[in-house]
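Here's model.csv, which has CSV, C-alpha atoms and all ligand atoms:
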```csv
chain,number,residue,atom,x,y,z
U,119,MET,CA,-38.1,20.0,-59.8
U,120,ASP,CA,-35.0,18.8,-61.6
U,121,LYS,CA,-34.2,15.0,-61.4
U,122,GLN,CA,-31.3,14.3,-59.1
U,123,ASP,CA,-28.4,12.1,-59.8
U,124,ILE,CA,-28.2,9.2,-57.3
U,125,ILE,CA,-24.8,7.7,-57.1
U,126,LEU,CA,-24.2,4.4,-55.5
U,127,SER,CA,-20.6,4.8,-54.5
U,128,ARG,CA,-18.1,1.9,-54.7
U,129,ASN,CA,-15.1,4.2,-54.2
U,130,LEU,CA,-16.0,7.1,-51.9
U,131,GLY,CA,-13.1,9.4,-52.7
U,132,GLN,CA,-13.1,8.9,-56.5
U,133,ASP,CA,-16.9,9.2,-56.6
U,134,ILE,CA,-16.9,12.5,-54.6
U,135,GLU,CA,-14.2,13.9,-56.8
U,136,ASN,CA,-16.1,13.0,-59.9
U,137,THR,CA,-19.4,14.4,-58.6
U,138,ILE,CA,-17.9,17.7,-57.6
U,139,MET,CA,-16.0,18.0,-60.9
U,140,GLY,CA,-19.3,17.5,-62.6
U,141,GLN,CA,-20.7,20.6,-60.9
U,142,PRO,CA,-18.7,23.7,-62.1
U,143,HIS,CA,-18.4,26.2,-59.2
U,144,ASP,CA,-16.5,29.2,-58.0
U,145,ARG,CA,-16.3,28.3,-54.3
U,146,ILE,CA,-17.2,25.2,-52.4
U,147,PHE,CA,-18.7,25.0,-48.9
U,148,VAL,CA,-18.9,21.9,-46.8
U,149,LEU,CA,-21.6,21.7,-44.1
U,150,THR,CA,-21.2,19.2,-41.3
U,151,ASP,CA,-22.4,18.8,-37.7
U,152,THR,CA,-20.0,18.4,-34.9
U,153,THR,CA,-20.3,14.6,-35.1
U,154,THR,CA,-19.8,14.2,-38.8
U,155,LEU,CA,-17.0,16.7,-38.7
U,156,ARG,CA,-15.2,14.3,-36.3
U,157,LEU,CA,-16.2,11.0,-37.8
U,158,CYS,CA,-17.0,11.4,-41.5
U,159,TRP,CA,-15.0,14.4,-42.8
U,160,PRO,CA,-11.6,12.7,-42.1
U,161,LEU,CA,-12.6,10.0,-44.6
U,162,VAL,CA,-12.7,12.6,-47.4
U,163,ASN,CA,-10.9,15.7,-46.3
U,164,SER,CA,-7.7,15.0,-48.2
U,165,LEU,CA,-9.4,15.0,-51.6
U,166,HIS,CA,-8.1,17.6,-54.1
U,167,CYS,CA,-11.7,18.9,-54.7
U,168,PHE,CA,-11.7,20.1,-51.1
U,169,ASP,CA,-8.3,21.9,-51.2
U,170,ARG,CA,-10.1,25.3,-51.0
U,171,ALA,CA,-13.3,24.1,-49.3
U,172,GLN,CA,-14.7,26.4,-46.6
U,173,MET,CA,-16.1,24.5,-43.6
U,174,ILE,CA,-19.4,25.3,-41.9
U,175,THR,CA,-20.3,23.3,-38.8
U,176,ILE,CA,-23.5,23.3,-36.8
U,177,GLY,CA,-24.5,21.5,-33.6
U,178,GLU,CA,-25.6,17.9,-33.9
U,179,THR,CA,-29.2,16.4,-33.5
U,180,ASP,CA,-32.6,17.7,-34.5
U,181,GLU,CA,-32.6,20.3,-31.7
U,182,ASN,CA,-30.2,22.3,-33.9
U,183,LYS,CA,-32.5,22.3,-37.0
U,184,THR,CA,-33.5,25.9,-36.2
U,185,LEU,CA,-33.7,29.3,-37.6
U,186,ASP,CA,-30.6,30.2,-35.6
U,187,SER,CA,-28.5,27.5,-37.2
U,188,LEU,CA,-29.9,28.5,-40.6
U,189,ALA,CA,-28.9,32.1,-40.0
U,190,TYR,CA,-25.5,30.9,-38.9
U,191,VAL,CA,-25.1,29.0,-42.3
U,192,TRP,CA,-26.3,31.9,-44.3
U,193,THR,CA,-23.9,34.2,-42.5
U,194,ALA,CA,-21.0,31.8,-43.2
U,195,LEU,CA,-22.0,31.7,-46.9
U,196,GLN,CA,-22.1,35.5,-47.0
U,197,GLN,CA,-18.8,36.0,-45.2
U,198,GLY,CA,-17.2,33.3,-47.3
U,199,GLY,CA,-18.2,35.1,-50.5
U,200,ALA,CA,-20.7,32.6,-51.8
U,201,THR,CA,-22.4,33.4,-55.1
U,202,ARG,CA,-25.1,31.7,-57.2
U,203,HIS,CA,-22.3,29.8,-58.8
U,204,SER,CA,-21.0,28.3,-55.5
U,205,LEU,CA,-21.6,24.7,-54.5
U,206,MET,CA,-22.6,23.4,-51.1
U,207,LEU,CA,-21.9,19.8,-50.0
U,208,ASN,CA,-24.0,18.5,-47.1
U,209,LEU,CA,-22.2,15.8,-45.2
U,210,GLY,CA,-24.3,14.4,-42.4
U,211,GLY,CA,-27.7,12.9,-41.4
U,212,GLY,CA,-31.1,14.2,-42.2
U,213,MET,CA,-30.8,17.3,-40.0
U,214,VAL,CA,-27.7,18.4,-42.0
U,215,THR,CA,-29.1,17.5,-45.5
U,216,ASP,CA,-32.5,19.2,-44.7
U,217,LEU,CA,-31.1,22.4,-43.2
U,218,GLY,CA,-28.2,22.6,-45.7
U,219,GLY,CA,-30.5,22.0,-48.6
U,220,PHE,CA,-32.8,24.8,-47.4
U,221,ALA,CA,-29.9,27.2,-46.8
U,222,ALA,CA,-28.5,26.5,-50.3
U,223,SER,CA,-32.0,26.8,-51.9
U,224,THR,CA,-32.6,30.2,-50.4
U,225,PHE,CA,-29.2,31.9,-50.3
U,226,LYS,CA,-29.2,34.5,-53.2
U,227,ARG,CA,-32.3,32.6,-54.4
U,228,GLY,CA,-30.5,29.4,-54.7
U,229,LEU,CA,-27.1,27.7,-55.3
U,230,ALA,CA,-26.5,24.1,-56.2
U,231,TYR,CA,-26.0,21.5,-53.5
U,232,ILE,CA,-24.9,17.9,-53.2
U,233,ASN,CA,-26.0,15.5,-50.4
U,234,VAL,CA,-23.6,13.0,-48.9
U,235,PRO,CA,-25.9,11.3,-46.3
U,236,THR,CA,-24.0,9.5,-43.5
U,237,THR,CA,-26.8,7.7,-41.7
U,238,LEU,CA,-29.0,4.9,-43.0
U,239,LEU,CA,-32.1,7.0,-42.3
U,240,SER,CA,-30.9,9.9,-44.4
U,241,GLN,CA,-29.6,7.6,-47.2
U,242,VAL,CA,-32.9,5.9,-47.7
U,243,ASP,CA,-35.2,8.9,-46.9
U,244,ALA,CA,-34.2,12.4,-46.0
U,245,SER,CA,-31.5,13.1,-48.6
U,246,VAL,CA,-33.5,11.9,-51.6
U,247,GLY,CA,-36.5,13.7,-53.0
U,248,GLY,CA,-35.9,17.4,-52.4
U,249,LYS,CA,-37.7,18.0,-49.1
U,250,THR,CA,-35.6,20.7,-47.3
U,251,GLY,CA,-36.4,22.7,-44.3
U,252,ILE,CA,-36.1,23.5,-40.6
U,253,ASN,CA,-38.3,23.1,-37.5
U,254,PHE,CA,-40.2,26.2,-36.4
U,255,GLY,CA,-42.7,27.2,-33.7
U,256,GLY,CA,-42.4,23.8,-32.0
U,257,LEU,CA,-43.3,22.0,-35.2
U,258,LYS,CA,-41.0,19.7,-37.2
U,259,ASN,CA,-40.1,20.7,-40.8
U,260,GLU,CA,-42.6,23.6,-40.6
U,261,ILE,CA,-40.6,25.9,-43.0
U,262,GLY,CA,-39.0,24.6,-46.1
U,263,VAL,CA,-39.1,24.2,-49.9
U,264,PHE,CA,-39.0,21.3,-52.3
U,265,ASN,CA,-35.7,21.6,-54.2
U,266,CYS,CA,-33.6,18.6,-55.2
U,267,ALA,CA,-29.9,18.2,-54.6
U,268,LYS,CA,-27.9,18.1,-57.9
U,269,ALA,CA,-26.6,14.7,-56.7
U,270,VAL,CA,-26.9,12.4,-53.8
U,271,LEU,CA,-24.0,10.1,-53.1
U,272,LEU,CA,-24.6,6.9,-51.1
U,273,SER,CA,-21.7,5.0,-49.6
U,274,SER,CA,-21.9,2.1,-47.2
U,275,GLU,CA,-18.6,3.2,-45.7
U,276,PHE,CA,-20.5,5.5,-43.4
U,277,LEU,CA,-22.9,2.8,-42.3
U,278,ARG,CA,-20.1,0.7,-40.7
U,279,SER,CA,-19.7,3.2,-37.9
U,280,LEU,CA,-23.4,3.4,-37.1
U,281,ASP,CA,-24.7,1.7,-33.9
U,282,SER,CA,-27.5,-0.9,-34.2
U,283,HIS,CA,-30.2,1.5,-33.1
U,284,ASN,CA,-29.3,3.9,-35.9
U,285,ILE,CA,-29.2,1.0,-38.4
U,286,LEU,CA,-32.7,-0.1,-37.2
U,287,SER,CA,-34.0,3.4,-37.4
U,288,GLY,CA,-33.1,3.6,-41.1
U,289,TYR,CA,-34.2,0.1,-41.7
U,290,ALA,CA,-37.8,0.9,-40.7
U,291,GLU,CA,-38.1,3.3,-43.7
U,292,MET,CA,-36.7,0.5,-45.9
U,293,LEU,CA,-39.4,-1.8,-44.6
U,294,LYS,CA,-41.9,0.8,-45.5
U,295,HIS,CA,-40.5,1.0,-49.0
U,296,GLY,CA,-40.8,-2.8,-49.3
U,297,LEU,CA,-44.4,-2.7,-48.2
U,298,ILE,CA,-45.4,-0.1,-50.7
U,299,SER,CA,-43.5,-1.7,-53.6
U,300,ASN,CA,-43.6,-5.5,-54.1
U,301,VAL,CA,-43.6,-8.9,-52.4
U,302,GLU,CA,-40.0,-9.8,-53.4
U,303,ASN,CA,-38.5,-6.7,-51.9
U,304,TRP,CA,-40.6,-7.0,-48.7
U,305,ALA,CA,-39.7,-10.7,-48.3
U,306,GLU,CA,-36.0,-10.0,-48.9
U,307,LEU,CA,-36.1,-7.3,-46.2
U,308,LEU,CA,-37.8,-9.7,-43.7
U,309,ARG,CA,-35.0,-12.3,-44.4
U,310,PHE,CA,-32.2,-9.9,-43.7
U,311,ASP,CA,-30.3,-10.6,-40.5
U,312,LEU,CA,-30.1,-7.3,-38.6
U,313,SER,CA,-28.2,-9.0,-35.7
U,314,SER,CA,-25.2,-9.7,-37.9
U,315,ILE,CA,-25.0,-7.2,-40.7
U,316,ASP,CA,-23.7,-8.0,-44.1
U,317,TYR,CA,-22.8,-4.5,-45.3
U,318,GLU,CA,-22.5,-5.5,-49.0
U,319,ARG,CA,-26.1,-6.9,-48.9
U,320,LEU,CA,-27.3,-3.9,-46.9
U,321,GLY,CA,-25.8,-1.6,-49.6
U,322,SER,CA,-27.7,-3.5,-52.3
U,323,LEU,CA,-31.0,-3.3,-50.2
U,324,VAL,CA,-30.3,0.5,-49.8
U,325,SER,CA,-30.0,0.9,-53.5
U,326,LYS,CA,-33.4,-0.9,-54.2
U,327,SER,CA,-35.0,1.1,-51.4
U,328,VAL,CA,-33.8,4.4,-52.9
U,329,THR,CA,-35.0,3.4,-56.4
U,330,ILE,CA,-38.5,2.9,-55.0
U,331,LYS,CA,-38.5,6.3,-53.4
U,332,GLU,CA,-37.0,7.9,-56.5
U,333,HIS,CA,-39.8,6.5,-58.8
U,334,ILE,CA,-42.5,7.8,-56.5
U,335,VAL,CA,-40.9,11.2,-56.2
U,336,GLU,CA,-40.5,11.4,-60.0
U,337,GLU,CA,-44.3,10.8,-60.4
U,338,ASP,CA,-45.4,13.2,-57.7
U,339,PRO,CA,-42.6,15.5,-56.5
U,340,THR,CA,-44.7,17.8,-54.4
U,341,GLU,CA,-46.9,15.2,-52.6
U,342,LYS,CA,-50.2,15.9,-54.3
U,343,GLY,CA,-51.1,12.2,-54.5
U,344,LEU,CA,-48.8,9.1,-54.9
U,345,ARG,CA,-46.0,10.6,-52.7
U,346,LYS,CA,-48.4,10.2,-49.8
U,347,ALA,CA,-47.5,6.5,-50.0
U,348,LEU,CA,-44.3,7.4,-48.3
U,349,ASN,CA,-46.4,8.4,-45.3
U,350,LEU,CA,-47.3,4.8,-44.5
U,351,GLY,CA,-46.7,4.2,-40.8
U,352,HIS,CA,-46.1,7.9,-40.2
U,353,THR,CA,-49.5,9.2,-38.9
U,354,ALA,CA,-49.4,6.8,-35.9
U,355,GLY,CA,-45.6,6.9,-35.9
U,356,HIS,CA,-45.4,10.7,-35.5
U,357,ALA,CA,-48.0,10.5,-32.7
U,358,LEU,CA,-45.9,7.9,-30.8
U,359,GLU,CA,-42.8,10.1,-31.4
U,360,SER,CA,-44.5,13.2,-30.1
U,361,LEU,CA,-45.8,11.3,-27.0
U,362,ALA,CA,-42.3,9.9,-26.4
U,363,MET,CA,-40.8,13.4,-26.7
U,364,GLU,CA,-43.3,14.9,-24.3
U,365,GLU,CA,-42.5,12.1,-21.8
U,366,GLU,CA,-38.8,12.5,-22.4
U,367,ARG,CA,-38.5,8.9,-23.5
U,368,THR,CA,-35.7,8.5,-26.1
U,369,VAL,CA,-37.2,7.1,-29.3
U,370,LEU,CA,-35.5,7.3,-32.7
U,371,HIS,CA,-37.7,8.3,-35.6
U,372,GLY,CA,-37.4,4.9,-37.3
U,373,TYR,CA,-38.5,3.0,-34.2
U,374,ALA,CA,-41.6,5.2,-34.0
U,375,VAL,CA,-42.2,4.4,-37.7
U,376,ALA,CA,-41.8,0.7,-37.1
U,377,TRP,CA,-44.5,0.7,-34.4
U,378,GLY,CA,-46.5,3.1,-36.6
U,379,LEU,CA,-46.4,0.4,-39.3
U,380,ILE,CA,-47.9,-2.1,-36.9
U,381,CYS,CA,-50.7,0.3,-36.2
U,382,GLU,CA,-51.4,1.2,-39.8
U,383,LEU,CA,-51.1,-2.4,-41.1
U,384,TYR,CA,-53.7,-3.3,-38.4
U,385,LEU,CA,-56.0,-0.6,-39.9
U,386,SER,CA,-55.1,-1.9,-43.4
U,387,THR,CA,-56.3,-5.4,-42.5
U,388,LEU,CA,-59.5,-4.0,-40.9
U,389,LYS,CA,-60.4,-1.5,-43.6
U,390,CYS,CA,-58.7,-2.5,-46.9
U,391,GLY,CA,-58.4,-6.3,-46.6
U,392,PHE,CA,-54.6,-6.4,-46.2
U,393,PRO,CA,-53.7,-10.2,-46.0
U,394,LYS,CA,-53.5,-11.5,-42.4
U,395,ASP,CA,-50.4,-13.7,-43.1
U,396,LYS,CA,-48.3,-10.8,-44.4
U,397,PHE,CA,-49.6,-8.7,-41.5
U,398,ARG,CA,-48.5,-11.3,-39.0
U,399,GLN,CA,-45.1,-11.8,-40.6
U,400,THR,CA,-44.4,-8.1,-40.6
U,401,VAL,CA,-45.6,-7.6,-37.0
U,402,GLN,CA,-43.4,-10.5,-35.9
U,403,PHE,CA,-40.3,-9.0,-37.6
U,404,ILE,CA,-40.9,-5.6,-36.0
U,405,HIS,CA,-41.4,-7.2,-32.5
U,406,ASP,CA,-38.3,-9.3,-32.9
U,407,ASN,CA,-36.1,-6.4,-33.9
U,408,TYR,CA,-37.6,-3.2,-32.4
U,409,GLY,CA,-39.3,-4.6,-29.2
U,410,ASP,CA,-42.5,-3.0,-27.9
U,411,PHE,CA,-43.5,0.6,-27.3
U,412,PRO,CA,-45.3,0.4,-23.9
U,413,ILE,CA,-48.5,2.5,-23.8
U,414,ASP,CA,-51.6,2.3,-21.6
U,415,CYS,CA,-55.2,3.2,-22.3
U,416,LYS,CA,-54.9,6.5,-20.5
U,417,GLN,CA,-52.6,7.7,-23.3
U,418,TYR,CA,-55.1,7.0,-26.1
U,419,GLU,CA,-56.8,10.4,-26.0
U,420,LYS,CA,-53.4,12.2,-26.2
U,421,LEU,CA,-52.2,10.0,-29.1
U,422,TYR,CA,-55.5,10.7,-30.8
U,423,ALA,CA,-55.0,14.4,-30.3
U,424,PHE,CA,-51.5,14.2,-31.8
U,425,MET,CA,-53.0,12.5,-34.8
U,426,THR,CA,-55.6,15.1,-35.3
U,427,HIS,CA,-52.9,17.8,-35.4
U,428,ASP,CA,-50.8,16.0,-38.0
U,429,LYS,CA,-49.9,18.3,-40.9
U,430,LYS,CA,-50.8,15.6,-43.5
U,431,ASN,CA,-54.5,15.9,-42.5
U,432,GLU,CA,-57.0,17.7,-44.8
U,433,GLY,CA,-60.1,19.2,-43.2
U,434,ASN,CA,-61.1,17.7,-39.9
U,435,SER,CA,-60.3,14.1,-40.5
U,436,ILE,CA,-57.1,12.1,-39.8
U,437,ASN,CA,-55.4,11.1,-43.0
U,438,PHE,CA,-53.8,7.6,-43.3
U,439,THR,CA,-52.0,5.9,-46.1
U,440,LEU,CA,-53.1,2.2,-46.0
U,441,LEU,CA,-52.5,-0.9,-48.1
U,442,GLY,CA,-54.9,-3.4,-49.7
U,443,ASP,CA,-51.9,-5.7,-50.2
U,444,ILE,CA,-48.2,-5.2,-50.6
U,445,GLY,CA,-47.8,-2.6,-53.2
U,446,ASP,CA,-51.5,-1.9,-53.3
U,447,ILE,CA,-51.4,1.7,-52.0
U,448,ARG,CA,-54.6,3.4,-50.7
U,449,ILE,CA,-54.0,7.1,-49.9
U,450,ASN,CA,-56.3,9.5,-48.1
U,451,GLN,CA,-58.0,6.9,-45.9
U,452,GLN,CA,-59.9,7.9,-42.8
U,453,ALA,CA,-60.6,5.9,-39.6
U,454,THR,CA,-63.1,6.5,-36.8
U,455,LYS,CA,-62.0,7.2,-33.3
U,456,GLU,CA,-63.2,3.8,-32.3
U,457,GLU,CA,-61.1,2.1,-35.0
U,458,ILE,CA,-58.1,4.2,-34.0
U,459,PHE,CA,-58.5,3.1,-30.3
U,460,ASP,CA,-58.8,-0.6,-31.5
U,461,MET,CA,-55.5,-0.1,-33.4
U,462,LEU,CA,-53.9,1.2,-30.2
U,463,ASP,CA,-55.3,-1.8,-28.3
U,464,PHE,CA,-53.5,-4.0,-30.8
U,465,LEU,CA,-50.3,-2.1,-30.4
U,466,ARG,CA,-50.5,-2.3,-26.6
U,467,GLU,CA,-51.5,-6.0,-26.4
U,468,GLY,CA,-49.0,-7.1,-29.1
C,501,LIG,N1,-40.1,11.3,-46.0
C,501,LIG,C1,-41.2,11.2,-46.9
C,501,LIG,C2,-41.0,12.0,-48.2
C,501,LIG,O1,-39.9,12.3,-48.6
C,501,LIG,O2,-41.9,12.3,-48.9
```
If you convert what's in this file into structure tokens, what do you get?
Amino acid sequence: MDKQDIILSRNLGQDIENTIMGQPHDRIFVLTDTTTLRLCWPLVNSLHCFDRAQMITIGETDENKTLDSLAYVWTALQQGGATRHSLMLNLGGGMVTDLGGFAASTFKRGLAYINVPTTLLSQVDASVGGKTGINFGGLKNEIGVFNCAKAVLLSSEFLRSLDSHNILSGYAEMLKHGLISNVENWAELLRFDLSSIDYERLGSLVSKSVTIKEHIVEEDPTEKGLRKALNLGHTAGHALESLAMEEERTVLHGYAVAWGLICELYLSTLKCGFPKDKFRQTVQFIHDNYGDFPIDCKQYEKLYAFMTHDKKNEGNSINFTLLGDIGDIRINQQATKEEIFDMLDFLREG
């Protein structure tokens, strides 16, 4: 997989012009969803590089990350005369960058694309690292390819319009990056005041967070080993997210990851000797900022079943990424059903 350019933008317009000029193309297509068309596109639509841009807009939210939306984008590319020398710019959150990346990677066997992620979650996670795809057959990200964007442009201008829930959702992935990297980064993240955001400082934390992910992806682009570190908090987190979805409780991805981090750090203390003081500080931070996810014991079997169906598993066992300490990553860890139920007791009791 080619290395992607990650641009920390200080001047959104100028940086987009330069990035697009750096990618020779015959036609340019801009993919947005209905929300980013309304809120984000006006910030850049007067740039000369977009004079002849063809717009493609799909519905917002993950429900639209479907084969139908993908076919709609392919059709728009075909009718707009896209060739292998065309360029696609994905302006939106993870749904737009994942689906747009996949559409670009597969149309005429692939045209170049640039991601301009507009949510914190997509800036620190989805848009970096070349995972593209759509949901299929009731499963998230079931169909897709690894193929990096030529460039990812990160601007804190978009973050200012996000509500606090969406900031917190992205911040959980940053906390995960802190836990798998080093104590300084982790401590800086715990010190950051999420109730009164300093966007300059947030931008600098985003940049550190993305660098951590970038290094991991460079070492292991297709998740054979080290990239599994990025799954910390996600085995339990995805189960909580699936339970919430089934019960029609609205839970943003990053909130489920934050509660998943509580679960998996609990297992880390139990099985890998993760230090109790760092465990307590992290759990406190998550409780203070994300609140609790109420569950009762009757839901344990269902959560356990969700974990057994996780696509990260190999063979019959549930696969966790755990930590021996901050930055001491232990991939491919297993836990017994009893240990998993103890972990859920800890989450429930707080
Ligand atoms: N979201 C985890 C990864 O990119 O591998």
Kindly provide the residues of segment 322-396 of chain U that approach segment 248-267 of chain U to within 12 Å, each paired with its closest atom pair and their distance in Å to one decimal, based on all atoms listed in the file, listed by chain and increasing number, as a Markdown table.
```
| residue | atom | partner | partner_atom | distance |
| --- | --- | --- | --- | --- |
| U:Lys331 | CA | U:Gly248 | CA | 11.4 |
| U:Glu332 | CA | U:Gly248 | CA | 10.4 |
| U:Val335 | CA | U:Gly248 | CA | 8.8 |
| U:Glu336 | CA | U:Gly248 | CA | 10.7 |
| U:Asp338 | CA | U:Phe264 | CA | 11.7 |
| U:Pro339 | CA | U:Phe264 | CA | 8.0 |
| U:Thr340 | CA | U:Phe264 | CA | 7.0 |
| U:Glu341 | CA | U:Phe264 | CA | 10.0 |
| U:Arg345 | CA | U:Lys249 | CA | 11.7 |
| U:His356 | CA | U:Lys258 | CA | 10.2 |
| U:Glu359 | CA | U:Lys258 | CA | 11.4 |
| U:Ser360 | CA | U:Leu257 | CA | 10.2 |
| U:Met363 | CA | U:Gly256 | CA | 11.8 |
| U:Glu364 | CA | U:Gly256 | CA | 11.8 |
| U:His371 | CA | U:Lys258 | CA | 12.0 |
```
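Distances to Glu302 of chain U were evaluated for U:Ile444, U:Asp281, U:Cys158, U:Lys455 using only C-alpha atoms, and the minimum falls at U:Ile444.
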Atom CA of Asn182 of chain U and atom CA of Leu217 of chain U are how many Å apart?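 A separation of 9.3 Å between them.
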Nearby residues (all atoms listed in the file) at most 12 Å from Arg156 of chain U, same-chain spacing under 6 positions excluded, as a list of chain:residue names: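 Returned residues: U:Thr150, U:Val162, U:Asn163, U:Thr175, U:Glu178, U:Leu209, U:Gly210.
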Of the candidates U:Thr215, U:Lys394, U:Phe147, U:Arg448, which one gets nearest to Asp169 of chain U if we count all atoms listed in the file?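 Using all atoms listed in the file, the shortest distance to Asp169 of chain U belongs to U:Phe147.
In terms of minimum interatomic distance to ligand LIG 501 (chain C), U:Leu348 ranks closest within U:Leu421, U:Val401, U:Val375, U:Leu348, counting only C-alpha atoms and all ligand atoms.
The spacing separating atom CA of Ser274 of chain U from atom CA of Ile125 of chain U amounts to 11.7 Å.
The list of residues with at least one atom within 12 Å of Tyr190 of chain U, based on all atoms listed in the file and without residues fewer than 4 positions apart in the same chain, reads U:Leu149, U:Ile174, U:Thr175, U:Ile176, U:Gly177, U:Asn182, U:Lys183, U:Thr184, U:Leu185, U:Asp186, U:Ala194, U:Leu195, U:Gln196, U:Gln197, U:Leu217, U:Gly218, U:Ala221.
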Do you have the atom CA of Ile285 of chain U-atom CA of Val324 of chain U distance handy?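 Atom-to-atom, atom CA of Ile285 of chain U and atom CA of Val324 of chain U are spaced 11.5 Å apart.
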Given all atoms listed in the file as the counted atoms, nearest of U:Leu358, U:Leu370, U:Ile330, U:Ile404 to Gly445 of chain U: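 Comparing U:Leu358, U:Leu370, U:Ile330, U:Ile404 against Gly445 of chain U, the winner is U:Ile330.
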For ligand LIG 501 (chain C), the closest of U:Asp395, U:Asp414, U:Glu382, U:Asp216 counting all atoms listed in the file is U:Asp216
Leu286 of chain U surroundings by only C-alpha atoms, 8 Å radius, close-in-sequence under 5 positions cut, as a list in words: Leu312, Gly372, Tyr373, Asn407 and Tyr408 of chain U
Which one of U:Gln399, U:Gln122, U:Asn349, U:Thr387 sits closest to Ala269 of chain U if you count only C-alpha atoms?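 The closest residue to Ala269 of chain U is U:Gln122.
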Pick out the residues sitting within 7 Å of segment 291-295 of chain U, and hand them over as a PyMOL selection string; count all atoms listed in the file, and ignore anything fewer than 2 positions along from it in its own chain. chain U and resi 242+288-289+297-299+304+307+327+330+350+372
Only C-alpha atoms, please: the residues just picked out, written as a CSV table (one decimal), in the frame of the given file.
```csv
chain,number,residue,atom,x,y,z
U,242,VAL,CA,-32.9,5.9,-47.7
U,288,GLY,CA,-33.1,3.6,-41.1
U,289,TYR,CA,-34.2,0.1,-41.7
U,297,LEU,CA,-44.4,-2.7,-48.2
U,298,ILE,CA,-45.4,-0.1,-50.7
U,299,SER,CA,-43.5,-1.7,-53.6
U,304,TRP,CA,-40.6,-7.0,-48.7
U,307,LEU,CA,-36.1,-7.3,-46.2
U,327,SER,CA,-35.0,1.1,-51.4
U,330,ILE,CA,-38.5,2.9,-55.0
U,350,LEU,CA,-47.3,4.8,-44.5
U,372,GLY,CA,-37.4,4.9,-37.3
```
Just the residues within 12 Å of Leu388 of chain U, please, counting all atoms listed in the file, with nothing from its chain fewer than 6 positions along; format it as a count of residues only. 14
How about completing segment 248-252 of chain U with all heavy atoms and giving it to me as a short mmCIF file (atom, residue, chain, number, x, y, z; two decimals), in the frame of the given file?
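result.cif, written as the output of this step:
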```cif
data_model
loop_
_atom_site.label_atom_id
_atom_site.label_comp_id
_atom_site.auth_asym_id
_atom_site.auth_seq_id
_atom_site.Cartn_x
_atom_site.Cartn_y
_atom_site.Cartn_z
N GLY U 248 -35.79 15.91 -52.37
CA GLY U 248 -35.90 17.40 -52.40
C GLY U 248 -36.69 18.04 -51.33
O GLY U 248 -37.01 19.22 -51.44
N LYS U 249 -37.03 17.31 -50.25
CA LYS U 249 -37.70 18.00 -49.10
C LYS U 249 -36.58 18.66 -48.30
O LYS U 249 -35.69 17.96 -47.81
CB LYS U 249 -38.49 17.05 -48.27
CG LYS U 249 -39.84 16.68 -48.87
CD LYS U 249 -40.67 15.89 -47.87
CE LYS U 249 -42.03 15.55 -48.44
NZ LYS U 249 -42.82 14.67 -47.54
N THR U 250 -36.63 19.98 -48.16
CA THR U 250 -35.60 20.70 -47.30
C THR U 250 -36.35 21.50 -46.29
O THR U 250 -37.53 21.82 -46.49
CB THR U 250 -34.76 21.63 -48.18
OG1 THR U 250 -35.56 22.77 -48.53
CG2 THR U 250 -34.22 20.98 -49.44
N GLY U 251 -35.70 21.86 -45.20
CA GLY U 251 -36.40 22.70 -44.30
C GLY U 251 -35.80 22.68 -42.85
O GLY U 251 -34.81 22.01 -42.58
N ILE U 252 -36.51 23.42 -41.99
CA ILE U 252 -36.10 23.50 -40.60
C ILE U 252 -37.37 23.34 -39.71
O ILE U 252 -38.50 23.47 -40.20
CB ILE U 252 -35.45 24.86 -40.24
CG1 ILE U 252 -36.37 26.03 -40.62
CG2 ILE U 252 -34.09 25.00 -40.91
CD1 ILE U 252 -35.98 27.36 -39.98
#
```
